[in-house]
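Source file: input31.cif. Holds: mmCIF, C-alpha atoms.
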```cif
data_final
#
loop_
_atom_site.label_atom_id
_atom_site.label_comp_id
_atom_site.auth_asym_id
_atom_site.auth_seq_id
_atom_site.Cartn_x
_atom_site.Cartn_y
_atom_site.Cartn_z
CA MET K 1 57.89 4.93 74.65
CA LEU K 2 56.69 1.35 75.03
CA ARG K 3 53.45 2.66 76.54
CA THR K 4 52.91 4.91 73.51
CA GLN K 5 53.57 2.00 71.17
CA ILE K 6 51.15 -0.30 73.03
CA SER K 7 48.50 2.44 73.09
CA LEU K 8 48.89 2.96 69.34
CA LEU K 9 48.40 -0.74 68.75
CA GLY K 10 45.28 -0.59 70.93
CA ILE K 11 43.99 2.29 68.83
CA ILE K 12 44.62 0.18 65.72
CA PHE K 13 41.95 -2.26 66.92
CA LEU K 14 39.50 0.60 67.23
CA ALA K 15 40.54 1.82 63.76
CA VAL K 16 39.97 -1.68 62.35
CA PHE K 17 36.49 -1.73 63.89
CA ILE K 18 35.69 1.64 62.31
CA GLU K 19 37.16 0.66 58.95
CA THR K 20 35.61 -2.79 58.64
CA VAL K 21 32.29 -2.49 60.47
CA LEU K 22 31.09 1.07 60.93
CA ILE K 23 32.12 2.64 57.61
CA PRO K 24 30.89 -0.29 55.42
CA ASP K 25 27.59 -0.16 57.33
CA VAL K 26 27.12 3.41 56.19
CA TRP K 27 28.32 2.83 52.61
CA SER K 28 29.36 -0.68 51.70
CA GLY K 29 31.86 0.39 49.03
CA LEU K 30 33.59 3.02 51.13
CA ARG K 31 36.87 2.46 52.99
CA ILE K 32 38.73 5.17 54.88
CA ASP K 33 42.32 4.37 55.77
CA LEU K 34 43.02 5.60 59.29
CA PHE K 35 46.48 4.02 59.47
CA ILE K 36 48.13 6.28 56.88
CA GLY K 37 47.58 9.33 59.09
CA MET K 38 48.87 7.39 62.07
CA ILE K 39 52.04 6.49 60.14
CA ILE K 40 52.64 10.17 59.37
CA GLY K 41 52.13 10.98 63.07
CA ILE K 42 54.50 8.18 64.10
CA ILE K 43 57.21 9.48 61.76
CA ILE K 44 56.86 13.00 63.17
CA GLN K 45 56.83 11.92 66.83
CA MET K 46 58.99 8.79 67.05
CA SER K 47 62.40 7.58 66.02
CA PHE K 48 62.72 5.35 62.96
CA SER K 49 63.19 2.07 64.85
CA GLU K 50 60.42 2.74 67.38
CA GLY K 51 57.98 3.66 64.62
CA LEU K 52 59.04 0.73 62.47
CA ALA K 53 58.14 -1.73 65.24
CA VAL K 54 54.64 -0.23 65.55
CA VAL K 55 54.09 -0.23 61.79
CA ILE K 56 55.18 -3.87 61.42
CA VAL K 57 52.95 -5.15 64.23
CA ALA K 58 49.99 -2.96 63.23
CA SER K 59 50.17 -3.97 59.57
CA ILE K 60 50.23 -7.64 60.58
CA ILE K 61 47.07 -6.99 62.60
CA LEU K 62 45.50 -5.30 59.57
CA GLN K 63 46.46 -8.25 57.36
CA ALA K 64 44.12 -10.44 59.44
CA PHE K 65 41.19 -8.38 58.21
CA SER K 66 41.93 -8.63 54.51
CA GLY K 67 41.75 -11.27 51.83
CA ALA K 68 44.99 -9.97 50.32
CA ARG K 69 47.83 -12.46 49.97
CA PRO K 70 49.71 -12.80 53.27
CA GLY K 71 52.39 -10.14 53.46
CA LEU K 72 50.82 -7.77 50.93
CA ILE K 73 49.26 -5.42 53.48
CA PRO K 74 52.45 -5.23 55.65
CA MET K 75 54.44 -4.60 52.47
CA ILE K 76 52.18 -1.73 51.42
CA TYR K 77 52.36 -0.05 54.85
CA LEU K 78 56.10 -0.64 55.22
CA CYS K 79 56.67 0.96 51.81
CA THR K 80 54.43 3.84 52.95
CA TYR K 81 56.47 4.17 56.13
CA LEU K 82 59.78 4.21 54.28
CA ILE K 83 58.58 6.66 51.61
CA VAL K 84 57.12 9.07 54.18
CA TYR K 85 60.26 8.75 56.29
CA LEU K 86 62.39 9.67 53.29
CA LEU K 87 60.07 12.59 52.55
CA LYS K 88 60.55 13.79 56.11
CA GLY K 89 63.82 15.45 55.08
CA ILE K 90 62.29 17.02 51.99
CA VAL K 91 58.79 18.18 52.93
CA TYR K 92 57.50 19.79 56.12
CA LEU K 93 55.33 16.98 57.49
CA GLU K 94 54.03 19.02 60.42
CA ASN K 95 51.96 21.10 58.01
CA VAL K 96 48.28 20.03 58.02
CA TYR K 97 47.83 20.50 54.26
CA THR K 98 50.96 18.44 53.56
CA GLN K 99 49.56 15.65 55.73
CA LEU K 100 46.20 15.85 53.96
CA ILE K 101 47.62 15.73 50.44
CA LEU K 102 50.26 13.13 51.29
CA ALA K 103 47.67 10.75 52.79
CA MET K 104 45.43 11.18 49.76
CA VAL K 105 48.29 10.49 47.35
CA ILE K 106 49.38 7.40 49.29
CA TYR K 107 45.80 6.08 49.35
CA ILE K 108 45.39 6.60 45.61
CA LEU K 109 48.81 5.03 44.87
CA ALA K 110 48.09 1.96 47.03
CA ALA K 111 44.59 1.44 45.62
CA SER K 112 45.61 1.94 42.01
CA SER K 113 48.65 -0.35 42.36
CA LEU K 114 46.33 -3.08 43.68
CA VAL K 115 43.83 -2.47 40.87
CA VAL K 116 46.56 -2.61 38.21
CA SER K 117 48.35 -5.64 39.67
CA LEU K 118 45.06 -7.57 39.94
CA ASP K 119 43.97 -6.44 36.48
CA LEU K 120 40.60 -5.20 37.71
CA ASN K 121 38.20 -3.32 35.46
CA LEU K 122 36.48 -0.98 37.85
CA THR K 123 33.21 0.57 36.78
CA ARG K 124 32.25 4.14 37.58
CA SER K 125 30.12 3.05 40.53
CA GLU K 126 33.20 1.39 42.04
CA VAL K 127 35.57 4.29 41.35
CA ILE K 128 33.35 6.80 43.20
CA PRO K 129 33.71 5.15 46.66
CA LEU K 130 37.47 4.78 46.05
CA ALA K 131 37.80 8.48 45.24
CA THR K 132 35.61 9.42 48.20
CA GLY K 133 37.73 7.15 50.40
CA ALA K 134 40.88 8.93 49.22
CA VAL K 135 39.47 12.37 50.06
CA LEU K 136 38.17 11.26 53.47
CA THR K 137 41.48 9.53 54.25
CA GLY K 138 43.21 12.82 53.51
CA LEU K 139 40.83 14.71 55.77
CA ILE K 140 41.10 12.27 58.67
CA SER K 141 44.91 11.97 58.53
CA PRO K 142 45.73 15.30 60.28
CA LEU K 143 43.45 14.17 63.11
CA MET K 144 45.34 10.90 63.41
CA VAL K 145 48.61 12.87 63.50
CA VAL K 146 47.19 14.99 66.33
CA LEU K 147 46.11 11.80 68.12
CA VAL K 148 49.67 10.40 68.05
CA ASP K 149 51.03 13.78 69.16
CA ARG K 150 48.60 14.01 72.12
CA LEU K 151 49.27 10.45 73.13
CA LYS K 152 53.03 10.95 73.21
CA LYS K 153 52.75 14.23 75.11
CA ALA K 154 50.35 12.66 77.62
CA TYR K 155 52.84 9.92 78.44
CA GLU K 156 55.79 12.32 78.55
CA ALA K 157 54.02 14.70 80.96
CA MET A 1 -70.68 42.22 95.24
CA GLU A 2 -70.19 38.72 94.16
CA HIS A 3 -72.06 39.41 90.94
CA GLY A 4 -69.81 42.44 90.25
CA ASN A 5 -66.55 40.45 90.58
CA THR A 6 -67.62 37.58 88.36
CA PRO A 7 -67.17 39.35 84.99
CA LYS A 8 -63.71 40.66 86.08
CA ILE A 9 -62.58 37.17 86.99
CA ILE A 10 -63.94 35.86 83.74
CA LEU A 11 -62.10 38.62 81.84
CA ILE A 12 -58.83 37.90 83.64
CA ALA A 13 -59.26 34.17 82.99
CA VAL A 14 -59.95 34.83 79.32
CA ALA A 15 -56.91 37.15 79.08
CA LEU A 16 -54.69 34.52 80.71
CA ALA A 17 -56.11 31.89 78.42
CA ILE A 18 -55.32 34.10 75.40
CA VAL A 19 -51.75 34.63 76.65
CA ILE A 20 -51.27 30.89 77.17
CA VAL A 21 -52.77 30.13 73.77
CA LEU A 22 -50.54 32.74 72.12
CA LEU A 23 -47.46 31.35 73.85
CA SER A 24 -48.35 27.80 72.87
CA LEU A 25 -48.86 28.90 69.25
CA GLY A 26 -45.25 30.13 69.04
CA GLN A 27 -46.11 33.76 69.29
CA TYR A 28 -43.89 34.26 72.31
CA ARG A 29 -41.10 35.67 70.10
CA SER A 30 -43.09 38.83 69.97
CA LEU A 31 -42.82 38.89 73.75
CA SER A 32 -39.03 38.25 73.84
CA PHE A 33 -38.31 41.93 74.37
CA GLY A 34 -39.66 41.31 77.82
CA LEU A 35 -38.08 37.90 78.47
CA ASN A 36 -34.60 38.60 77.16
CA PRO A 37 -33.72 41.15 79.83
CA VAL A 38 -34.83 38.60 82.38
CA ARG A 39 -32.53 36.00 80.90
CA GLU A 40 -29.68 38.50 80.59
CA GLY A 41 -30.22 39.51 84.19
CA PHE A 42 -30.14 35.90 85.26
CA PHE A 43 -26.92 35.41 83.23
CA ILE A 44 -25.20 38.37 84.90
CA ALA A 45 -26.35 37.28 88.34
CA GLU A 46 -25.13 33.77 87.64
CA LYS A 47 -21.73 35.09 86.50
CA VAL A 48 -21.37 37.34 89.52
CA VAL A 49 -22.21 34.51 91.88
CA THR A 50 -20.11 31.84 90.18
CA ALA A 51 -17.11 34.01 89.16
CA PRO A 52 -15.27 33.70 92.50
CA PHE A 53 -15.87 29.98 92.54
CA GLN A 54 -14.73 29.68 88.90
CA PHE A 55 -11.66 31.80 89.67
CA ALA A 56 -10.80 29.58 92.59
CA TYR A 57 -11.37 26.47 90.47
CA ASP A 58 -9.21 27.78 87.59
CA LEU A 59 -6.49 28.77 90.01
CA TRP A 60 -6.47 25.27 91.39
CA THR A 61 -6.60 23.39 88.09
CA ASP A 62 -4.30 25.71 86.05
CA TYR A 63 -1.64 26.46 88.64
CA VAL A 64 -1.78 24.50 91.88
CA ALA A 65 -2.69 21.20 90.26
CA LEU A 66 -0.03 21.70 87.53
CA VAL A 67 2.87 21.72 89.95
CA ASN A 68 3.70 18.13 88.95
CA THR A 69 3.02 18.64 85.25
CA ARG A 70 6.66 19.42 84.44
CA SER A 71 7.87 16.17 85.91
CA GLU A 72 4.90 14.36 84.41
CA ASN A 73 5.75 15.84 81.02
CA LYS A 74 9.33 14.68 81.38
CA GLU A 75 8.12 11.22 82.27
CA LEU A 76 5.76 11.13 79.30
CA LYS A 77 8.49 12.32 76.94
CA LYS A 78 10.75 9.59 78.27
CA ASN A 79 7.98 7.05 77.76
CA LEU A 80 7.46 8.31 74.22
CA GLU A 81 11.16 7.92 73.44
CA GLN A 82 11.11 4.43 74.90
CA ALA A 83 8.07 3.59 72.79
CA ARG A 84 9.81 4.90 69.68
CA VAL A 85 12.91 2.82 70.37
CA ARG A 86 10.71 -0.19 71.08
CA CYS A 87 8.93 0.41 67.78
CA MET A 88 12.25 0.51 65.91
CA THR A 89 13.37 -2.65 67.69
CA MET A 90 10.13 -4.31 66.66
CA GLN A 91 10.73 -3.32 63.04
CA GLU A 92 14.24 -4.76 63.21
CA LEU A 93 12.91 -7.92 64.86
CA LYS A 94 10.31 -8.19 62.14
CA SER A 95 12.88 -7.99 59.35
CA GLU A 96 15.19 -10.34 61.26
CA ASN A 97 12.30 -12.75 61.64
CA GLY A 98 11.77 -12.60 57.88
CA ARG A 99 15.43 -13.30 57.23
CA LEU A 100 15.48 -16.18 59.70
CA ARG A 101 12.35 -17.61 58.13
CA ILE A 102 14.05 -17.56 54.71
CA MET A 103 17.11 -19.23 56.25
CA LEU A 104 14.91 -21.86 57.88
CA ASP A 105 13.16 -22.56 54.58
CA PHE A 106 16.54 -22.87 52.91
CA ARG A 107 17.61 -25.34 55.56
CA GLY A 108 14.46 -27.37 54.96
CA GLU A 109 15.09 -27.40 51.21
CA HIS A 110 18.58 -28.88 51.69
CA PRO A 111 18.24 -31.66 54.27
CA ASP A 112 21.29 -33.42 52.83
CA PHE A 113 23.59 -30.56 53.87
CA LYS A 114 24.73 -29.81 57.37
CA LEU A 115 24.13 -26.07 57.49
CA ILE A 116 25.91 -24.09 60.19
CA PRO A 117 24.40 -20.64 60.67
CA ALA A 118 26.65 -17.61 61.13
CA ARG A 119 26.46 -13.85 61.02
CA LEU A 120 28.62 -11.24 59.37
CA LEU A 121 31.23 -9.70 61.67
CA SER A 122 33.27 -7.39 59.45
CA GLN A 123 34.17 -6.68 55.86
CA ASP A 124 37.54 -6.52 54.14
CA ILE A 125 39.78 -3.70 55.27
CA THR A 126 40.60 -2.86 51.64
CA ASN A 127 38.08 -1.99 49.00
CA VAL A 128 39.79 -4.16 46.40
CA PHE A 129 39.71 -7.60 47.96
CA LYS A 130 36.31 -9.11 48.71
CA THR A 131 36.40 -11.04 51.94
CA VAL A 132 34.25 -10.97 55.05
CA VAL A 133 34.73 -12.25 58.58
CA ILE A 134 31.88 -14.24 60.14
CA ASP A 135 31.19 -14.94 63.81
CA ARG A 136 31.56 -18.73 63.74
CA GLY A 137 34.75 -20.73 63.55
CA GLY A 138 36.27 -24.06 64.35
CA THR A 139 34.32 -24.58 67.56
CA SER A 140 31.05 -24.32 65.59
CA GLY A 141 32.19 -26.82 62.99
CA PHE A 142 33.64 -24.51 60.37
CA LEU A 143 36.66 -25.78 58.44
CA ALA A 144 38.98 -24.17 55.92
CA ASN A 145 37.70 -24.36 52.32
CA MET A 146 34.12 -24.88 53.42
CA ALA A 147 31.41 -23.51 51.16
CA VAL A 148 29.49 -20.57 52.55
CA VAL A 149 26.03 -19.84 51.21
CA SER A 150 23.08 -17.60 51.85
CA PRO A 151 19.45 -18.55 51.17
CA LEU A 152 19.68 -16.58 47.93
CA GLY A 153 22.74 -18.37 46.59
CA MET A 154 26.44 -18.98 46.71
CA LEU A 155 28.65 -16.62 48.72
CA GLY A 156 32.14 -18.08 48.77
CA ARG A 157 34.39 -20.32 50.79
CA THR A 158 36.24 -20.08 54.06
CA LEU A 159 39.90 -19.12 53.78
CA THR A 160 41.10 -19.26 57.36
CA VAL A 161 39.30 -20.47 60.44
CA SER A 162 39.98 -19.49 64.05
CA PRO A 163 38.05 -20.95 67.02
CA HIS A 164 35.34 -18.29 66.88
CA THR A 165 35.72 -16.54 63.52
CA SER A 166 36.19 -17.48 59.88
CA GLN A 167 37.41 -15.43 56.97
CA VAL A 168 35.30 -15.99 53.87
CA LEU A 169 36.57 -15.40 50.35
CA LEU A 170 33.56 -14.10 48.42
CA ILE A 171 32.94 -15.29 44.87
CA THR A 172 33.41 -11.68 43.69
CA ASP A 173 37.04 -11.61 44.90
CA PRO A 174 39.57 -11.66 42.04
CA ASN A 175 41.21 -14.74 43.62
CA SER A 176 37.98 -16.75 43.63
CA ALA A 177 37.18 -19.48 41.10
CA VAL A 178 34.14 -21.76 41.30
CA PRO A 179 33.40 -24.65 38.92
CA ALA A 180 29.98 -23.90 37.47
CA ILE A 181 27.39 -25.12 35.03
CA ILE A 182 24.64 -23.33 33.14
CA GLU A 183 21.44 -24.86 34.53
CA GLU A 184 19.46 -25.09 31.26
CA THR A 185 22.10 -26.14 28.76
CA ARG A 186 24.48 -27.97 31.17
CA VAL A 187 27.44 -26.08 29.72
CA LYS A 188 30.38 -26.13 32.10
CA GLY A 189 32.76 -23.31 32.96
CA ILE A 190 34.58 -21.58 35.78
CA VAL A 191 33.04 -18.58 37.54
CA LYS A 192 35.74 -16.12 38.50
CA GLY A 193 35.55 -13.02 40.64
CA THR A 194 36.39 -9.73 38.99
CA GLY A 195 36.82 -7.61 42.08
CA THR A 196 33.65 -5.78 41.08
CA ASN A 197 29.99 -6.61 41.64
CA MET A 198 29.97 -8.85 38.56
CA LEU A 199 31.37 -12.33 37.96
CA SER A 200 32.98 -13.75 34.87
CA LEU A 201 32.06 -17.20 33.50
CA GLU A 202 35.15 -18.43 31.71
CA TYR A 203 36.24 -21.34 29.52
CA VAL A 204 32.92 -21.63 27.68
CA ARG A 205 33.52 -22.32 23.97
CA THR A 206 32.05 -20.00 21.34
CA THR A 207 30.25 -22.99 19.82
CA GLU A 208 28.19 -23.50 22.98
CA LEU A 209 24.60 -22.31 23.28
CA VAL A 210 24.45 -19.57 25.92
CA GLN A 211 21.61 -17.14 26.60
CA VAL A 212 21.29 -13.99 28.66
CA GLY A 213 19.18 -14.66 31.77
CA SER A 214 20.23 -18.29 32.15
CA ILE A 215 20.95 -19.39 35.69
CA VAL A 216 24.46 -20.47 36.61
CA VAL A 217 24.85 -23.01 39.42
CA THR A 218 27.76 -24.81 41.04
CA SER A 219 28.81 -27.97 39.25
CA GLY A 220 30.26 -29.64 42.34
CA LEU A 221 33.38 -30.69 40.41
CA GLU A 222 36.00 -29.19 42.68
CA GLY A 223 34.59 -30.86 45.78
CA ILE A 224 34.38 -27.71 47.89
CA PHE A 225 31.03 -26.46 46.68
CA PRO A 226 28.00 -28.75 46.70
CA LYS A 227 26.34 -29.26 43.34
CA GLY A 228 23.37 -27.15 42.29
CA LEU A 229 23.81 -24.03 44.41
CA ARG A 230 22.79 -20.88 42.61
CA ILE A 231 25.61 -18.51 41.68
CA GLY A 232 23.91 -15.95 39.47
CA ARG A 233 22.30 -15.10 36.15
CA ILE A 234 24.03 -14.44 32.87
CA ALA A 235 23.89 -10.70 32.33
CA GLU A 236 26.07 -10.14 29.28
CA ILE A 237 27.57 -12.25 26.48
CA LYS A 238 30.34 -11.12 24.13
CA ARG A 239 31.18 -13.46 21.27
CA ASP A 240 34.36 -12.96 19.29
CA PRO A 241 34.72 -15.39 16.34
CA HIS A 242 38.50 -15.08 16.57
CA LYS A 243 38.57 -16.35 20.13
CA ILE A 244 38.01 -19.83 21.47
CA PHE A 245 35.97 -18.79 24.51
CA ILE A 246 32.98 -16.50 24.98
CA LYS A 247 33.18 -13.63 27.42
CA ILE A 248 30.25 -14.06 29.79
CA MET A 249 29.41 -11.74 32.64
CA VAL A 250 27.28 -13.13 35.45
CA SER A 251 25.28 -11.09 37.93
CA PRO A 252 25.47 -12.80 41.35
CA CYS A 253 22.23 -13.89 43.04
CA VAL A 254 23.42 -12.43 46.32
CA GLU A 255 24.07 -8.74 46.74
CA MET A 256 27.40 -8.96 48.54
CA SER A 257 27.05 -5.59 50.26
CA LYS A 258 23.86 -6.74 52.00
CA ILE A 259 24.95 -10.05 53.46
CA GLU A 260 23.76 -10.69 57.03
CA GLY A 261 22.92 -14.30 57.81
CA VAL A 262 24.98 -17.04 56.15
CA PHE A 263 25.43 -20.81 56.34
CA GLY A 264 28.56 -22.88 56.31
CA VAL A 265 27.89 -26.01 54.28
CA GLY A 266 29.22 -29.18 55.82
CA SER A 267 28.21 -32.66 54.81
CA TYR A 268 26.88 -35.38 57.05
CA ALA A 269 28.96 -37.88 55.08
CA ALA A 270 32.15 -36.01 55.99
CA ASP A 271 31.11 -36.09 59.65
CA ALA A 272 30.60 -39.82 59.47
CA ASP A 273 34.11 -40.22 58.03
#
```

What would you get if you wrote out this structure as structure tokens?
Amino acid sequence: MLRTQISLLGIIFLAVFIETVLIPDVWSGLRIDLFIGMIIGIIIQMSFSEGLAVVIVASIILQAFSGARPGLIPMIYLCTYLIVYLLKGIVYLENVYTQLILAMVIYILAASSLVVSLDLNLTRSEVIPLATGAVLTGLISPLMVVLVDRLKKAYEA
Amino acid sequence: MEHGNTPKIILIAVALAIVIVLLSLGQYRSLSFGLNPVREGFFIAEKVVTAPFQFAYDLWTDYVALVNTRSENKELKKNLEQARVRCMTMQELKSENGRLRIMLDFRGEHPDFKLIPARLLSQDITNVFKTVVIDRGGTSGFLANMAVVSPLGMLGRTLTVSPHTSQVLLITDPNSAVPAIIEETRVKGIVKGTGTNMLSLEYVRTTELVQVGSIVVTSGLEGIFPKGLRIGRIAEIKRDPHKIFIKIMVSPCVEMSKIEGVFGVGSYAADAD
């Protein structure tokens, strides 16, 4: 399990590179959250405590690449982890469409809570990349779930 | 006998002379019915004689000699691709040269500042906060709360500095506040980030004279930002007589999404201390 956790943290660095360098190069306003899908995958594949350790360390890594107040990014992802974990007993997380919609909803909730708490007045040109980011995050999340699944199976084999 | 042949010879000579004269006068076209078959015959004979040689030549040039054409074609295609890539690289070098020239000019215009060049490494992981990471840190002379500028104007200040990277809080971030002054009227205020592509100039009284298009520069009051660095232009003014302060929106000089080369602004005086 430790190998899976270390590999996931390694993948986080790649995800950070994609999120902060490659995607902004294509469209400066666009951000696609790859970690939400990974969290869903972690919840499906790992136990609560094992997944929690990965989420804490990964969100601290992500904090280093944001101007948000220290602790805000880990708080957002820990809340995401807890909410999705609670939903695990209610909704069927293995379903691709559930993963897609859930990731989109989490992205929109996180972004809008930040916008409201910071009292930002976003113009239309700034809302479009946010909405696009939400849709693309939803689309990429099932792939991230598959990635976690493959990784775990590869180490178990 | 000799006398009998003389008129015949004379007649033949005259006839030949007439033929020559006619030919020289351009009348030979009337004789072409006789010459054309000769030429056609020569053409056919020439074709018959040269055809085997031509066949052998074509066979050599079109087939035998083309054995290496496939590999040659591959090589040429490869060369073409290389040339295209080289051309693109040249274009990039050209634009980079332009940028560096602007940076160099900027450096020359501010000899009193110690300007440390850096390049953009990554942008903020969220779309709400406006920070960037640059590729220079403590080992290059960057310090926390150091002003970061581009040749076009003010960018922000460093938040955290590691040995080889620095996180820069852009002036458009909602947590950013820069003491500023309107260049023409010397009216002071604070430029705050709005989290969008616009800035807000705050704490300017409604009684003050403010015009759209005026340039806003740093006032140097806080001590972080050197005085006189361009921040932006006033884009919008909203006056409300019931309020103490005017709502002023400022368009930044630098397009934050297109930042590449930046400078950290140190001071020689601080080094001496």

Any chance you could tabulate, as JSON lines, the residues of chain K at most 9 Å from chain A with each one's nearest atom pair and distance in Å to one decimal, using only C-alpha atoms, in chain and rising number order?
```
{"residue": "K:Val16", "atom": "CA", "partner": "A:Ile125", "partner_atom": "CA", "distance": 7.4}
{"residue": "K:Phe17", "atom": "CA", "partner": "A:Ser122", "partner_atom": "CA", "distance": 7.9}
{"residue": "K:Glu19", "atom": "CA", "partner": "A:Ile125", "partner_atom": "CA", "distance": 6.3}
{"residue": "K:Thr20", "atom": "CA", "partner": "A:Gln123", "partner_atom": "CA", "distance": 5.0}
{"residue": "K:Val21", "atom": "CA", "partner": "A:Ser122", "partner_atom": "CA", "distance": 5.1}
{"residue": "K:Leu22", "atom": "CA", "partner": "A:Ser122", "partner_atom": "CA", "distance": 8.9}
{"residue": "K:Pro24", "atom": "CA", "partner": "A:Gln123", "partner_atom": "CA", "distance": 7.2}
{"residue": "K:Asp25", "atom": "CA", "partner": "A:Ser257", "partner_atom": "CA", "distance": 8.9}
{"residue": "K:Trp27", "atom": "CA", "partner": "A:Ser257", "partner_atom": "CA", "distance": 8.8}
{"residue": "K:Ser28", "atom": "CA", "partner": "A:Ser257", "partner_atom": "CA", "distance": 5.6}
{"residue": "K:Gly29", "atom": "CA", "partner": "A:Asn127", "partner_atom": "CA", "distance": 6.7}
{"residue": "K:Leu30", "atom": "CA", "partner": "A:Asn127", "partner_atom": "CA", "distance": 7.1}
{"residue": "K:Arg31", "atom": "CA", "partner": "A:Asn127", "partner_atom": "CA", "distance": 6.1}
{"residue": "K:Ile32", "atom": "CA", "partner": "A:Thr126", "partner_atom": "CA", "distance": 8.9}
{"residue": "K:Asp33", "atom": "CA", "partner": "A:Ile125", "partner_atom": "CA", "distance": 8.5}
{"residue": "K:Leu62", "atom": "CA", "partner": "A:Ile125", "partner_atom": "CA", "distance": 7.3}
{"residue": "K:Gln63", "atom": "CA", "partner": "A:Ile125", "partner_atom": "CA", "distance": 8.3}
{"residue": "K:Ala64", "atom": "CA", "partner": "A:Gln167", "partner_atom": "CA", "distance": 8.7}
{"residue": "K:Phe65", "atom": "CA", "partner": "A:Ile125", "partner_atom": "CA", "distance": 5.7}
{"residue": "K:Ser66", "atom": "CA", "partner": "A:Asp124", "partner_atom": "CA", "distance": 4.9}
{"residue": "K:Gly67", "atom": "CA", "partner": "A:Thr131", "partner_atom": "CA", "distance": 5.4}
{"residue": "K:Ala68", "atom": "CA", "partner": "A:Phe129", "partner_atom": "CA", "distance": 6.3}
{"residue": "K:Ala111", "atom": "CA", "partner": "A:Val128", "partner_atom": "CA", "distance": 7.4}
{"residue": "K:Leu114", "atom": "CA", "partner": "A:Val128", "partner_atom": "CA", "distance": 7.2}
{"residue": "K:Val115", "atom": "CA", "partner": "A:Val128", "partner_atom": "CA", "distance": 7.1}
{"residue": "K:Leu118", "atom": "CA", "partner": "A:Pro174", "partner_atom": "CA", "distance": 7.2}
{"residue": "K:Asp119", "atom": "CA", "partner": "A:Thr194", "partner_atom": "CA", "distance": 8.6}
{"residue": "K:Leu120", "atom": "CA", "partner": "A:Gly195", "partner_atom": "CA", "distance": 6.3}
{"residue": "K:Asn121", "atom": "CA", "partner": "A:Thr194", "partner_atom": "CA", "distance": 7.5}
{"residue": "K:Leu122", "atom": "CA", "partner": "A:Thr196", "partner_atom": "CA", "distance": 6.4}
{"residue": "K:Thr123", "atom": "CA", "partner": "A:Thr196", "partner_atom": "CA", "distance": 7.7}
{"residue": "K:Glu126", "atom": "CA", "partner": "A:Thr196", "partner_atom": "CA", "distance": 7.2}
{"residue": "K:Pro129", "atom": "CA", "partner": "A:Asn127", "partner_atom": "CA", "distance": 8.7}
{"residue": "K:Leu130", "atom": "CA", "partner": "A:Asn127", "partner_atom": "CA", "distance": 7.4}
```

For this session: Starting from the point (26.5, -16.0, 66.7), work out which residues of protein, DNA or RNA have an atom no more than 7 Å away when counting only C-alpha atoms; state them as a PyMOL selection string.
Result: chain A and resi 118-119+135-136

Let me have the centre and edge lengths of the axis-aligned box enclosing all listed atoms of region 125-137 of chain A with 4 Å padding on every side, in Å to one decimal, as lines of an AutoDock Vina configuration file.
```
center_x = 35.9
center_y = -11.4
center_z = 55.1
size_x = 17.4
size_y = 26.7
size_z = 25.4
```

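Interatomic distance, CA of Leu152 (chain A) to CA of Cys253 (chain A): 6.1 Å.
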
Problem set entry | Residue list as a ChimeraX atom specification for point (59.0, 2.1, 75.6), cut-off 12 Å, only C-alpha atoms | /K:1-8,46-47,49-51,53-54,152,155-156

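CA of Gln54 (chain A) sits 26.5 Å away from CA of Ser71 (chain A).
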
Exercise. Which residues, written as a PyMOL selection string, have at least one atom at most 9 Å from Leu52 (chain K), with all atoms listed in the file counted and residues fewer than 6 positions away on the same chain left out?
Worked result: chain K and resi 42-43+78+81-82

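Between CA of Arg205 (chain A) and CA of Ile248 (chain A) lies a distance of 10.6 Å.
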
Find the spatial neighbours of Ile224 (chain A), counting all atoms listed in the file, within a cut-off of 12 Å - ignore same-chain residues fewer than 3 positions away - and output them as a CSV table (one decimal) with C-alpha atoms, keeping the file's coordinate frame.
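Final file, out.csv:
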```
chain,number,residue,atom,x,y,z
A,143,LEU,CA,36.7,-25.8,58.4
A,144,ALA,CA,39.0,-24.2,55.9
A,145,ASN,CA,37.7,-24.4,52.3
A,146,MET,CA,34.1,-24.9,53.4
A,147,ALA,CA,31.4,-23.5,51.2
A,148,VAL,CA,29.5,-20.6,52.6
A,149,VAL,CA,26.0,-19.8,51.2
A,154,MET,CA,26.4,-19.0,46.7
A,156,GLY,CA,32.1,-18.1,48.8
A,157,ARG,CA,34.4,-20.3,50.8
A,158,THR,CA,36.2,-20.1,54.1
A,159,LEU,CA,39.9,-19.1,53.8
A,177,ALA,CA,37.2,-19.5,41.1
A,178,VAL,CA,34.1,-21.8,41.3
A,179,PRO,CA,33.4,-24.6,38.9
A,180,ALA,CA,30.0,-23.9,37.5
A,218,THR,CA,27.8,-24.8,41.0
A,219,SER,CA,28.8,-28.0,39.2
A,220,GLY,CA,30.3,-29.6,42.3
A,221,LEU,CA,33.4,-30.7,40.4
A,227,LYS,CA,26.3,-29.3,43.3
A,229,LEU,CA,23.8,-24.0,44.4
A,264,GLY,CA,28.6,-22.9,56.3
A,265,VAL,CA,27.9,-26.0,54.3
A,266,GLY,CA,29.2,-29.2,55.8
A,267,SER,CA,28.2,-32.7,54.8
A,270,ALA,CA,32.2,-36.0,56.0
```

Problem set entry | Hits from the PyMOL selection byres ((chain K and resi 144) around 9), listed as a ChimeraX atom specification | /K:34-41,140-143,145-149

For this session: Name the residues in contact with Ile182 (chain A) at a cut-off of 6 Å, using only C-alpha atoms, excluding same-chain residues fewer than 2 positions from it; report them as a ChimeraX atom specification.
Result: /A:184-187,215-216

Exercise. Do you know which residues are at most 7 Å from region 88-102 of chain K counting only C-alpha atoms, after dropping those on the same chain fewer than 2 positions away, and could you put them as JSON, numbers by chain?
Worked result: {"K": [84, 85, 86, 104, 105, 106, 138, 139, 141, 142]}
